[in-house]
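Data block below; observations after.
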Number of protein chains: 4
Amino acid sequence: MAAVTGFIAGLGGWVLEAAQHGDLTTGRFFLRIEIIADTLPVARAELGRRFEVVAAEFDMTWQLTDTAVPKRMVIAVSREDHCLADLLYRWRSGDLPCTIPLVLSNHTDLQDLVEWHGIPFAHIPMDDRDRAFTRMEEAFDRAEGDVLVLARFMQIIPPGFCERHHGRIINIHHSFLPSFAGARPYHQAFERGVKLIGATCHYATADLDAGPIIEQDARRIDHSDTVEDLMRVGRDIERTVLARGLRWHLEDRVLLNGARTVVFG
Amino acid sequence: MAAVTGFIAGLGGWVLEAAQHGDLTTGRFFLRIEIIADTLPVARAELGRRFEVVAAEFDMTWQLTDTAVPKRMVIAVSREDHCLADLLYRWRSGDLPCTIPLVLSNHTDLQDLVEWHGIPFAHIPMDDRDRAFTRMEEAFDRAEGDVLVLARFMQIIPPGFCERHHGRIINIHHSFLPSFAGARPYHQAFERGVKLIGATCHYATADLDAGPIIEQDARRIDHSDTVEDLMRVGRDIERTVLARGLRWHLEDRVLLNGARTVVFG
Amino acid sequence: MAAVTGFIAGLGGWVLEAAQHGDLTTGRFFLRIEIIADTLPVARAELGRRFEVVAAEFDMTWQLTDTAVPKRMVIAVSREDHCLADLLYRWRSGDLPCTIPLVLSNHTDLQDLVEWHGIPFAHIPMDDRDRAFTRMEEAFDRAEGDVLVLARFMQIIPPGFCERHHGRIINIHHSFLPSFAGARPYHQAFERGVKLIGATCHYATADLDAGPIIEQDARRIDHSDTVEDLMRVGRDIERTVLARGLRWHLEDRVLLNGARTVVFG
Amino acid sequence: MAAVTGFIAGLGGWVLEAAQHGDLTTGRFFLRIEIIADTLPVARAELGRRFEVVAAEFDMTWQLTDTAVPKRMVIAVSREDHCLADLLYRWRSGDLPCTIPLVLSNHTDLQDLVEWHGIPFAHIPMDDRDRAFTRMEEAFDRAEGDVLVLARFMQIIPPGFCERHHGRIINIHHSFLPSFAGARPYHQAFERGVKLIGATCHYATADLDAGPIIEQDARRIDHSDTVEDLMRVGRDIERTVLARGLRWHLEDRVLLNGARTVVFG
């Protein structure tokens with residue numbers, strides 16, 4: 001930490017925000033520093049070159065991002081539109097720092113909504129799953145996507161796909177994980193008679209619904225709520241949890257720490 | 001509902017509170033009515049006899065309780081005192097409508113605290129489990145307990161015991177069930193990297209940690225929290241969730257509906 | 001209660017939901033009953049005529065609503081679109097039981113968004129406030145509005161207007177009332193250094209920001225949040241609080257009790 | 001920041017935790033660093049002397065605390081015991097890092113409870129308020145108190161007293177400030193018909209209920225709750241909010257920033 005802040009101070013850089021976390025169980029140390037670019041005498045590439053020396057000395061894994069360049073977010077959806085509509089609204093109103101080069105879907109139900117926003121829509125049917133996921137990955141790469149958001153995509157991404165884009169695929173699961181992983185979580189929650197339901201925003205990994213959690217939230221329900229009520233309440237939780245987790249990811253506030261995350265929120 | 005309220009109105013009784021719930025999936029109908037006793041012209045026993053006729057006509061399962069007679073609550077503890085201390089405080093301050101005829105424990109650590117409150121304490125070691133649970137059940141019956149609270153008792157109650165006291169044994173589990181059932185839930189929660197932790201107050205059944213849930217709550221944690229932090233935050237959730245669920249039970253606000261509960265909170 | 005449920009039972013009607021509340025301070029009694037219409041042998045008008053007799057006997061204030069006829073909701077907005085966009089989304093997805101015959105605004109910024117949804121938009125500039133509010137009231141009446149929602153309208157409704165539509169104008173205020181009434185509540189909250197911010201959905205009355213509260217919620221912030229962060233977090237609270245309160249109003253779950261509300265949620 | 005972390009690194013010190021906050025409106029910068037003492041080659045006094053040089057260069061206001069020396073917490077109470085009982089429990093169980101050299105009260109109701117814990121109790125009647133507060137201040141100083149906790153003391157501390165102990169007197173107010181400042185906040189909340197009630201832990205200043213806020217929380221109530229229900233729910237909020245805020249203060253995590261606080265929680 002002294003080395004990094006000393007390096008920045010040596011360049012006359014102004015730190016806007018800094019956060020650190022030492023994981024006592026693994027001995028890993030996490031650091032995130034936001035610098036006001038105008039206070040630096042050098043451009044991004046040169047900054048990286050100079051920092052390389054510091055990083056090498058302490059054997060750091062590091063990354064340098066320019067917040068002036070918004071991340072490219074590709075969205076995959078199925079038929080339900082509440083998460084998509086919310087993301088599009090937040091993007092349109094400037095609330096989410098990203099561009100959306102593409103929305104993918106295995107159905108055409110949401111094509112109109114997407115195209116009204118002036119965003120390209122690609123229909124990738126799931127008849128032949130292998131081919132579909134190959135096309136999907138190609139489309140993501142061609143769109144130069146930084147992050148793929150599964151906004152209620154309802155399809156299991158193949159392990160290889162997950163691994164090739166580790167830490168770059170974000171899913172919203174409609175339960176408070178690890179409770180009610182898998183299918184029909186609101187039905188499961190209703191059957192079990194829980195008193196709060198929730199949603200979970202996490203990185204997709206080969207292990208379904210078991211990826212590192214970015215954000216969760218829960219809300220109170222009671223015995224008078226039907227499965228339909230749970231779904232309605234849940235839609236609100238899902239979209240706020242997804243938006244919150246996604247914002248942190250887009251602002252590079254989420255660091256992977258094995259099966260867990262460090263979120264400098 | 002018309003029959004019950006009509007019956008009460010016929011006697012000139014004043015309803016203080018009424019709540020109903022129709023379970024559409026099973027067709028069962030639940031009704032709870034609180035009557036101001038002084039407005040009734042008959043005593044409890046006679047009221048019951050008269051109501052029997054109405055109940056028989058509609059094939060009701062019913063129960064009549066006098067709130068002037070506080071329930072007898074037996075508490076079982078192990079070594080951790082946060083739930084016990086909280087229950088004793090609430091009882092002492094008149095906040096929980098019950099008497100406490102007995103506290104049971106497999107250890108003697110909390111004997112002083114219990115006896116300072118003027119409450120009998122029974123030490124039942126767990127060396128011989130069968131014998132221990134026989135003694136425990138005898139003690140509960142001899143104390144004429146209405147409800148047995150497992151305030152972090154940390155021992156698995158035998159199935160037969162659970163069945164003989166169905167709907168009368170209340171457990172506090174230190175996780176947001178069904179997540180992290182079983183042992184060391186805070187360690188499990190830490191490993192999984194969840195962003196909220198919780199606690200669950202439920203009826204104990206033969207099926208461990210799977211009984212009908214009365215109350216739950218959750219609170220936010222983050223990556224900087226150690227397992228010890230989770231335990232500390234969790235203790236606060238546990239005691240408020242237990243106190244809330246228990247109050248509802250003591251006020252006969254909780255009705256069993258199969259594996260679920262109806263809580264007229 | 002016995003009279004009402006007895007009346008319904010006498011007709012063979014099935015009660016779907018019933019809720020009651022006795023206000024001990026005023027002696028008023030509130031009752032809401034939802035009946036499955038198909039189980040009644042008479043139509044709505046005849047049901048009202050027959051019930052009139054029961055109501056007269058007990059001097060009830062009462063109302064009979066057909067849930068098959070959605071309420072007509074007129075929305076007034078200014079320039080900020082987060083509440084409007086959310087209401088339109090919920091209406092479009094069938095989540096809010098209403099029709100929207102008209103959206104009014106003192107600006108034209110949101111005209112496109114409204115008209116894309118196929119909803120008439122009326123621009124009423126505020127240059128001449130008296131005339132503007134006269135036009136607004138005429139438009140509301142002509143649209144046969146049941147409820148007028150001030151979805152961040154940012155204009156003070158004249159007292160007479162409020163009184164003529166008592167209990168039918170719903171406002172969302174962007175603070176946890178009574179804290180930070182009036183202008184720029186997020187700035188006020190920032191200055192005061194509160195640790196949670198909130199929003200309040202209430203009936204508009206002649207007394208600004210003091211009308212009966214329908215729903216509120218709050219969310220945690222901290223010292224690192226700027227006024228802009230508060231606004232962003234607050235927008236999410238505002239729209240969920242408004243949607244929740246509005247749903248209850250549209251389902252006739254909110255009863256006025258002087259300066260307070262009874263919400264049979 | 002570079003200077004401070006560089007200074008620590010120069011001594012070979014290990015940073016356990018670091019947090020910073022830049023207040024953009026005032027230009028002030030706040031930094032809190034927790035160092036593992038054993039990794040430092042010098043004792044506390046010498047560390048302070050050496051750091052003085054760094055601090056002077058950057059014109060820092062600074063403080064050096066040894067977490068091995070628990071703070072001395074004096075508690076002032078009136079008759080209500082829920083906050084006191086909770087603090088005593090947390091202290092007894094090792095949950096709050098402090099010693100309690102003295103409990104002060106204007107009544108004797110809670111003397112037994114305090115003395116059972118082996119803590120000195122001083123009765124200071126309020127007949128002569130000037131004299132009472134002089135005695136109270138003397139007692140606090142004689143007990144070498146680091147912090148004075150008003151655990152529902154229900155008396156207004158004189159301005160001079162507040163000023164002489166600025167940032168060292170912590171009050172729990174039983175409302176979500178700035179709502180319902182002053183007397184009988186639960187009655188005020190009931191009258192206003194709010195849908196959530198809360199509590200506020202803040203530093204006491206000459207300006208009643210307007211001191212810098214350390215922590216707040218809120219919980220949902222509804223129309224069926226009486227003032228007594230509000231008080232009961234509120235007691236739980238009060239004690240958790242006080243305990244949370246107090247822990248942060250005792251761990252030197254709260255920094256004053258004018259009328260606001262920075263909480264490195």
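Residues are named by chain letter and number: chains run A, B, ... in the order of the structure tokens, numbers start at 1 in each chain, and ligands are numbered from 1 in the order shown.
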Hey, could you lay chain B over chain C with a least-squares C-alpha fit (all atoms, paired in order) and save it as an mmCIF file with C-alpha atoms, in the first residue's frame?
```cif
data_model
loop_
_atom_site.group_PDB
_atom_site.id
_atom_site.type_symbol
_atom_site.label_atom_id
_atom_site.label_comp_id
_atom_site.auth_asym_id
_atom_site.auth_seq_id
_atom_site.Cartn_x
_atom_site.Cartn_y
_atom_site.Cartn_z
ATOM 1 C CA MET B 1 -68.525 -7.638 11.648
ATOM 2 C CA ALA B 2 -71.037 -10.342 12.466
ATOM 3 C CA ALA B 3 -73.685 -8.376 10.593
ATOM 4 C CA VAL B 4 -71.540 -8.006 7.466
ATOM 5 C CA THR B 5 -70.235 -11.560 7.345
ATOM 6 C CA GLY B 6 -73.688 -12.848 8.236
ATOM 7 C CA PHE B 7 -75.148 -10.814 5.356
ATOM 8 C CA ILE B 8 -72.618 -12.293 2.921
ATOM 9 C CA ALA B 9 -73.104 -15.814 4.249
ATOM 10 C CA GLY B 10 -76.852 -15.352 3.890
ATOM 11 C CA LEU B 11 -76.325 -14.765 0.181
ATOM 12 C CA GLY B 12 -74.022 -17.759 -0.087
ATOM 13 C CA GLY B 13 -71.083 -15.500 -0.919
ATOM 14 C CA TRP B 14 -67.494 -16.673 -0.569
ATOM 15 C CA VAL B 15 -65.076 -14.407 1.248
ATOM 16 C CA LEU B 16 -61.653 -14.347 -0.378
ATOM 17 C CA GLU B 17 -60.052 -11.991 2.092
ATOM 18 C CA ALA B 18 -61.188 -10.105 5.175
ATOM 19 C CA ALA B 19 -59.378 -7.648 7.394
ATOM 20 C CA GLN B 20 -60.539 -5.500 10.264
ATOM 21 C CA HIS B 21 -59.117 -2.882 12.549
ATOM 22 C CA GLY B 22 -60.570 -1.258 15.618
ATOM 23 C CA ASP B 23 -59.099 2.123 16.471
ATOM 24 C CA LEU B 24 -59.208 2.200 20.255
ATOM 25 C CA THR B 25 -58.500 5.926 20.450
ATOM 26 C CA THR B 26 -61.496 6.963 18.329
ATOM 27 C CA GLY B 27 -63.760 3.939 18.668
ATOM 28 C CA ARG B 28 -63.925 3.632 14.884
ATOM 29 C CA PHE B 29 -64.026 0.186 13.350
ATOM 30 C CA PHE B 30 -62.653 -0.557 9.855
ATOM 31 C CA LEU B 31 -63.581 -3.585 7.802
ATOM 32 C CA ARG B 32 -62.573 -4.679 4.303
ATOM 33 C CA ILE B 33 -63.996 -7.809 2.730
ATOM 34 C CA GLU B 34 -63.206 -9.235 -0.682
ATOM 35 C CA ILE B 35 -65.939 -11.509 -2.046
ATOM 36 C CA ILE B 36 -65.709 -13.803 -5.065
ATOM 37 C CA ALA B 37 -68.360 -12.163 -7.266
ATOM 38 C CA ASP B 38 -69.392 -15.384 -9.004
ATOM 39 C CA THR B 39 -70.544 -16.851 -5.707
ATOM 40 C CA LEU B 40 -73.131 -14.102 -5.249
ATOM 41 C CA PRO B 41 -76.649 -14.541 -6.641
ATOM 42 C CA VAL B 42 -77.112 -10.814 -7.298
ATOM 43 C CA ALA B 43 -75.346 -8.165 -9.368
ATOM 44 C CA ARG B 44 -73.406 -5.258 -7.906
ATOM 45 C CA ALA B 45 -76.213 -2.704 -7.872
ATOM 46 C CA GLU B 46 -78.647 -5.062 -6.195
ATOM 47 C CA LEU B 47 -75.978 -6.129 -3.711
ATOM 48 C CA GLY B 48 -75.529 -2.485 -2.789
ATOM 49 C CA ARG B 49 -79.261 -1.936 -2.336
ATOM 50 C CA ARG B 50 -79.551 -4.917 -0.015
ATOM 51 C CA PHE B 51 -76.458 -4.026 1.960
ATOM 52 C CA GLU B 52 -77.747 -0.478 2.455
ATOM 53 C CA VAL B 53 -80.157 -1.883 5.043
ATOM 54 C CA VAL B 54 -77.391 -3.526 7.064
ATOM 55 C CA ALA B 55 -75.194 -0.458 6.783
ATOM 56 C CA ALA B 56 -77.947 1.872 7.929
ATOM 57 C CA GLU B 57 -78.579 -0.195 11.035
ATOM 58 C CA PHE B 58 -74.961 0.176 12.174
ATOM 59 C CA ASP B 59 -74.447 3.667 10.762
ATOM 60 C CA MET B 60 -71.598 2.498 8.543
ATOM 61 C CA THR B 61 -69.668 4.526 5.993
ATOM 62 C CA TRP B 62 -69.240 2.056 3.169
ATOM 63 C CA GLN B 63 -68.198 1.520 -0.403
ATOM 64 C CA LEU B 64 -68.618 -1.321 -2.893
ATOM 65 C CA THR B 65 -66.052 -1.807 -5.655
ATOM 66 C CA ASP B 66 -65.891 -4.189 -8.575
ATOM 67 C CA THR B 67 -62.290 -5.338 -9.022
ATOM 68 C CA ALA B 68 -63.126 -6.288 -12.607
ATOM 69 C CA VAL B 69 -63.300 -2.554 -13.387
ATOM 70 C CA PRO B 70 -59.741 -1.193 -13.104
ATOM 71 C CA LYS B 71 -59.362 2.281 -11.652
ATOM 72 C CA ARG B 72 -58.489 5.166 -13.966
ATOM 73 C CA MET B 73 -55.133 6.644 -12.973
ATOM 74 C CA VAL B 74 -54.035 10.059 -14.217
ATOM 75 C CA ILE B 75 -50.339 10.827 -13.758
ATOM 76 C CA ALA B 76 -48.803 14.279 -13.360
ATOM 77 C CA VAL B 77 -45.079 14.667 -13.970
ATOM 78 C CA SER B 78 -42.489 17.352 -14.373
ATOM 79 C CA ARG B 79 -39.107 16.507 -15.926
ATOM 80 C CA GLU B 80 -37.745 13.619 -13.889
ATOM 81 C CA ASP B 81 -38.838 10.327 -15.359
ATOM 82 C CA HIS B 82 -37.845 7.585 -12.909
ATOM 83 C CA CYS B 83 -41.255 7.294 -11.237
ATOM 84 C CA LEU B 84 -43.170 7.697 -14.495
ATOM 85 C CA ALA B 85 -41.055 5.122 -16.334
ATOM 86 C CA ASP B 86 -41.570 2.687 -13.499
ATOM 87 C CA LEU B 87 -45.347 3.192 -13.385
ATOM 88 C CA LEU B 88 -45.604 2.806 -17.154
ATOM 89 C CA TYR B 89 -43.549 -0.380 -17.026
ATOM 90 C CA ARG B 90 -45.704 -1.847 -14.278
ATOM 91 C CA TRP B 91 -48.885 -0.860 -16.092
ATOM 92 C CA ARG B 92 -47.620 -2.287 -19.384
ATOM 93 C CA SER B 93 -46.637 -5.590 -17.764
ATOM 94 C CA GLY B 94 -50.009 -5.937 -16.066
ATOM 95 C CA ASP B 95 -48.479 -5.488 -12.643
ATOM 96 C CA LEU B 96 -50.631 -2.481 -11.629
ATOM 97 C CA PRO B 97 -54.415 -2.986 -11.880
ATOM 98 C CA CYS B 98 -55.414 0.263 -13.605
ATOM 99 C CA THR B 99 -55.840 2.065 -16.887
ATOM 100 C CA ILE B 100 -53.959 5.294 -17.630
ATOM 101 C CA PRO B 101 -56.216 7.653 -19.619
ATOM 102 C CA LEU B 102 -53.862 10.625 -19.398
ATOM 103 C CA VAL B 103 -50.460 11.903 -18.394
ATOM 104 C CA LEU B 104 -50.172 15.618 -17.582
ATOM 105 C CA SER B 105 -47.003 17.667 -17.450
ATOM 106 C CA ASN B 106 -45.817 21.243 -17.157
ATOM 107 C CA HIS B 107 -42.979 20.290 -19.532
ATOM 108 C CA THR B 108 -42.773 18.359 -22.790
ATOM 109 C CA ASP B 109 -39.636 16.347 -21.977
ATOM 110 C CA LEU B 110 -41.530 13.144 -21.294
ATOM 111 C CA GLN B 111 -44.089 13.407 -24.090
ATOM 112 C CA ASP B 112 -42.304 10.885 -26.355
ATOM 113 C CA LEU B 113 -42.014 8.258 -23.641
ATOM 114 C CA VAL B 114 -45.704 8.591 -22.771
ATOM 115 C CA GLU B 115 -46.920 8.537 -26.356
ATOM 116 C CA TRP B 116 -44.757 5.497 -27.214
ATOM 117 C CA HIS B 117 -46.989 3.705 -24.707
ATOM 118 C CA GLY B 118 -50.080 4.883 -26.610
ATOM 119 C CA ILE B 119 -51.198 7.132 -23.757
ATOM 120 C CA PRO B 120 -52.499 10.702 -24.343
ATOM 121 C CA PHE B 121 -50.183 13.423 -23.089
ATOM 122 C CA ALA B 122 -51.335 16.905 -22.098
ATOM 123 C CA HIS B 123 -48.889 19.774 -21.788
ATOM 124 C CA ILE B 124 -50.051 22.330 -19.226
ATOM 125 C CA PRO B 125 -47.460 25.116 -18.757
ATOM 126 C CA MET B 126 -47.262 26.749 -15.348
ATOM 127 C CA ASP B 127 -46.849 30.382 -16.477
ATOM 128 C CA ASP B 128 -50.277 31.247 -15.165
ATOM 129 C CA ARG B 129 -50.633 28.939 -12.165
ATOM 130 C CA ASP B 130 -54.308 29.581 -11.460
ATOM 131 C CA ARG B 131 -55.276 28.876 -15.031
ATOM 132 C CA ALA B 132 -52.923 25.870 -15.168
ATOM 133 C CA PHE B 133 -54.527 24.187 -12.167
ATOM 134 C CA THR B 134 -58.007 24.922 -13.493
ATOM 135 C CA ARG B 135 -57.036 23.225 -16.770
ATOM 136 C CA MET B 136 -55.464 20.367 -14.862
ATOM 137 C CA GLU B 137 -58.565 19.753 -12.783
ATOM 138 C CA GLU B 138 -60.774 19.912 -15.885
ATOM 139 C CA ALA B 139 -58.508 17.434 -17.660
ATOM 140 C CA PHE B 140 -58.597 15.078 -14.678
ATOM 141 C CA ASP B 141 -62.399 15.238 -14.533
ATOM 142 C CA ARG B 142 -62.800 14.858 -18.314
ATOM 143 C CA ALA B 143 -60.535 11.778 -18.180
ATOM 144 C CA GLU B 144 -62.861 10.460 -15.465
ATOM 145 C CA GLY B 145 -59.829 9.918 -13.268
ATOM 146 C CA ASP B 146 -60.252 7.909 -10.084
ATOM 147 C CA VAL B 147 -56.851 8.822 -8.785
ATOM 148 C CA LEU B 148 -54.273 11.498 -9.593
ATOM 149 C CA VAL B 149 -50.665 10.457 -9.030
ATOM 150 C CA LEU B 150 -48.069 13.150 -8.541
ATOM 151 C CA ALA B 151 -45.061 11.211 -9.839
ATOM 152 C CA ARG B 152 -42.458 13.843 -8.976
ATOM 153 C CA PHE B 153 -44.695 16.666 -10.250
ATOM 154 C CA MET B 154 -42.759 19.202 -8.157
ATOM 155 C CA GLN B 155 -45.623 21.702 -8.050
ATOM 156 C CA ILE B 156 -47.765 22.534 -5.042
ATOM 157 C CA ILE B 157 -51.392 21.612 -5.674
ATOM 158 C CA PRO B 158 -53.785 24.402 -4.520
ATOM 159 C CA PRO B 159 -55.725 23.659 -1.299
ATOM 160 C CA GLY B 160 -59.113 23.758 -3.027
ATOM 161 C CA PHE B 161 -57.982 21.204 -5.596
ATOM 162 C CA CYS B 162 -56.771 18.919 -2.788
ATOM 163 C CA GLU B 163 -60.013 19.240 -0.872
ATOM 164 C CA ARG B 164 -62.250 18.545 -3.844
ATOM 165 C CA HIS B 165 -60.326 15.310 -4.464
ATOM 166 C CA HIS B 166 -59.646 14.309 -0.891
ATOM 167 C CA GLY B 167 -58.187 10.796 -0.676
ATOM 168 C CA ARG B 168 -57.721 10.641 -4.425
ATOM 169 C CA ILE B 169 -54.441 12.515 -4.970
ATOM 170 C CA ILE B 170 -51.313 10.516 -4.208
ATOM 171 C CA ASN B 171 -47.895 12.095 -3.923
ATOM 172 C CA ILE B 172 -44.423 10.606 -3.628
ATOM 173 C CA HIS B 173 -42.152 12.718 -1.468
ATOM 174 C CA HIS B 174 -38.434 12.043 -1.695
ATOM 175 C CA SER B 175 -37.761 11.912 2.026
ATOM 176 C CA PHE B 176 -38.723 9.890 5.042
ATOM 177 C CA LEU B 177 -41.422 12.271 6.305
ATOM 178 C CA PRO B 178 -41.774 14.155 8.575
ATOM 179 C CA SER B 179 -38.008 14.575 8.122
ATOM 180 C CA PHE B 180 -36.993 16.898 5.310
ATOM 181 C CA ALA B 181 -40.380 18.127 4.153
ATOM 182 C CA GLY B 182 -40.285 20.806 1.483
ATOM 183 C CA ALA B 183 -37.626 21.473 -1.108
ATOM 184 C CA ARG B 184 -34.376 19.619 -1.813
ATOM 185 C CA PRO B 185 -34.755 16.843 0.740
ATOM 186 C CA TYR B 186 -31.635 14.975 -0.414
ATOM 187 C CA HIS B 187 -29.573 18.090 0.163
ATOM 188 C CA GLN B 188 -31.152 18.464 3.595
ATOM 189 C CA ALA B 189 -30.433 14.804 4.377
ATOM 190 C CA PHE B 190 -26.826 15.181 3.295
ATOM 191 C CA GLU B 191 -26.351 18.287 5.438
ATOM 192 C CA ARG B 192 -27.851 16.616 8.495
ATOM 193 C CA GLY B 193 -25.680 13.540 8.032
ATOM 194 C CA VAL B 194 -28.415 10.920 8.442
ATOM 195 C CA LYS B 195 -27.455 7.275 8.012
ATOM 196 C CA LEU B 196 -30.596 6.169 6.156
ATOM 197 C CA ILE B 197 -32.649 8.003 3.567
ATOM 198 C CA GLY B 198 -36.218 7.242 2.579
ATOM 199 C CA ALA B 199 -39.305 8.129 0.606
ATOM 200 C CA THR B 200 -42.949 8.601 1.506
ATOM 201 C CA CYS B 201 -46.104 7.901 -0.470
ATOM 202 C CA HIS B 202 -48.992 9.933 0.959
ATOM 203 C CA TYR B 203 -52.309 11.527 0.121
ATOM 204 C CA ALA B 204 -51.919 15.164 -0.862
ATOM 205 C CA THR B 205 -53.796 17.568 1.374
ATOM 206 C CA ALA B 206 -53.939 21.331 1.668
ATOM 207 C CA ASP B 207 -51.182 21.041 4.247
ATOM 208 C CA LEU B 208 -48.040 20.416 2.180
ATOM 209 C CA ASP B 209 -46.197 17.112 2.857
ATOM 210 C CA ALA B 210 -48.443 16.490 5.866
ATOM 211 C CA GLY B 211 -51.132 14.287 4.327
ATOM 212 C CA PRO B 212 -51.938 10.756 5.555
ATOM 213 C CA ILE B 213 -49.015 8.408 4.893
ATOM 214 C CA ILE B 214 -49.687 5.254 2.859
ATOM 215 C CA GLU B 215 -46.205 3.773 2.629
ATOM 216 C CA GLN B 216 -42.586 4.552 3.455
ATOM 217 C CA ASP B 217 -39.243 2.881 3.208
ATOM 218 C CA ALA B 218 -35.626 3.690 3.958
ATOM 219 C CA ARG B 219 -32.213 2.516 2.892
ATOM 220 C CA ARG B 220 -28.736 2.796 4.372
ATOM 221 C CA ILE B 221 -26.214 5.338 3.112
ATOM 222 C CA ASP B 222 -22.870 6.388 4.567
ATOM 223 C CA HIS B 223 -20.417 9.259 4.808
ATOM 224 C CA SER B 224 -18.910 8.478 1.419
ATOM 225 C CA ASP B 225 -22.168 9.125 -0.407
ATOM 226 C CA THR B 226 -22.479 12.479 -2.147
ATOM 227 C CA VAL B 227 -25.781 14.280 -2.707
ATOM 228 C CA GLU B 228 -25.792 12.715 -6.183
ATOM 229 C CA ASP B 229 -25.414 9.245 -4.644
ATOM 230 C CA LEU B 230 -28.329 10.001 -2.327
ATOM 231 C CA MET B 231 -30.429 10.991 -5.312
ATOM 232 C CA ARG B 232 -29.535 7.796 -7.157
ATOM 233 C CA VAL B 233 -30.278 5.535 -4.178
ATOM 234 C CA GLY B 234 -33.372 7.613 -3.466
ATOM 235 C CA ARG B 235 -34.797 7.152 -6.953
ATOM 236 C CA ASP B 236 -34.982 3.415 -6.325
ATOM 237 C CA ILE B 237 -36.696 3.912 -2.979
ATOM 238 C CA GLU B 238 -39.140 6.437 -4.449
ATOM 239 C CA ARG B 239 -40.324 4.208 -7.249
ATOM 240 C CA THR B 240 -40.788 1.096 -5.119
ATOM 241 C CA VAL B 241 -42.543 3.019 -2.350
ATOM 242 C CA LEU B 242 -44.826 4.732 -4.857
ATOM 243 C CA ALA B 243 -45.632 1.478 -6.651
ATOM 244 C CA ARG B 244 -46.384 -0.301 -3.384
ATOM 245 C CA GLY B 245 -48.589 2.444 -1.980
ATOM 246 C CA LEU B 246 -50.345 2.908 -5.280
ATOM 247 C CA ARG B 247 -51.118 -0.800 -5.651
ATOM 248 C CA TRP B 248 -52.760 -0.783 -2.220
ATOM 249 C CA HIS B 249 -54.791 2.269 -3.157
ATOM 250 C CA LEU B 250 -55.839 0.767 -6.493
ATOM 251 C CA GLU B 251 -56.951 -2.391 -4.697
ATOM 252 C CA ASP B 252 -58.950 -0.334 -2.162
ATOM 253 C CA ARG B 253 -56.752 -1.488 0.668
ATOM 254 C CA VAL B 254 -56.152 1.981 2.093
ATOM 255 C CA LEU B 255 -58.745 3.563 4.389
ATOM 256 C CA LEU B 256 -58.440 7.084 5.719
ATOM 257 C CA ASN B 257 -58.530 7.414 9.492
ATOM 258 C CA GLY B 258 -58.215 11.147 10.114
ATOM 259 C CA ALA B 259 -54.607 12.147 9.535
ATOM 260 C CA ARG B 260 -53.551 8.493 9.437
ATOM 261 C CA THR B 261 -54.270 5.508 7.208
ATOM 262 C CA VAL B 262 -55.363 1.940 7.742
ATOM 263 C CA VAL B 263 -53.620 -0.252 5.159
ATOM 264 C CA PHE B 264 -54.971 -3.781 4.777
ATOM 265 C CA GLY B 265 -51.825 -4.756 2.825
#
```
DSSP on the backbone, then: every residue of range 78-146 of chain A marked alpha helix (DSSP H), written as a PyMOL selection string. chain A and resi 82-92+111-116+129-142
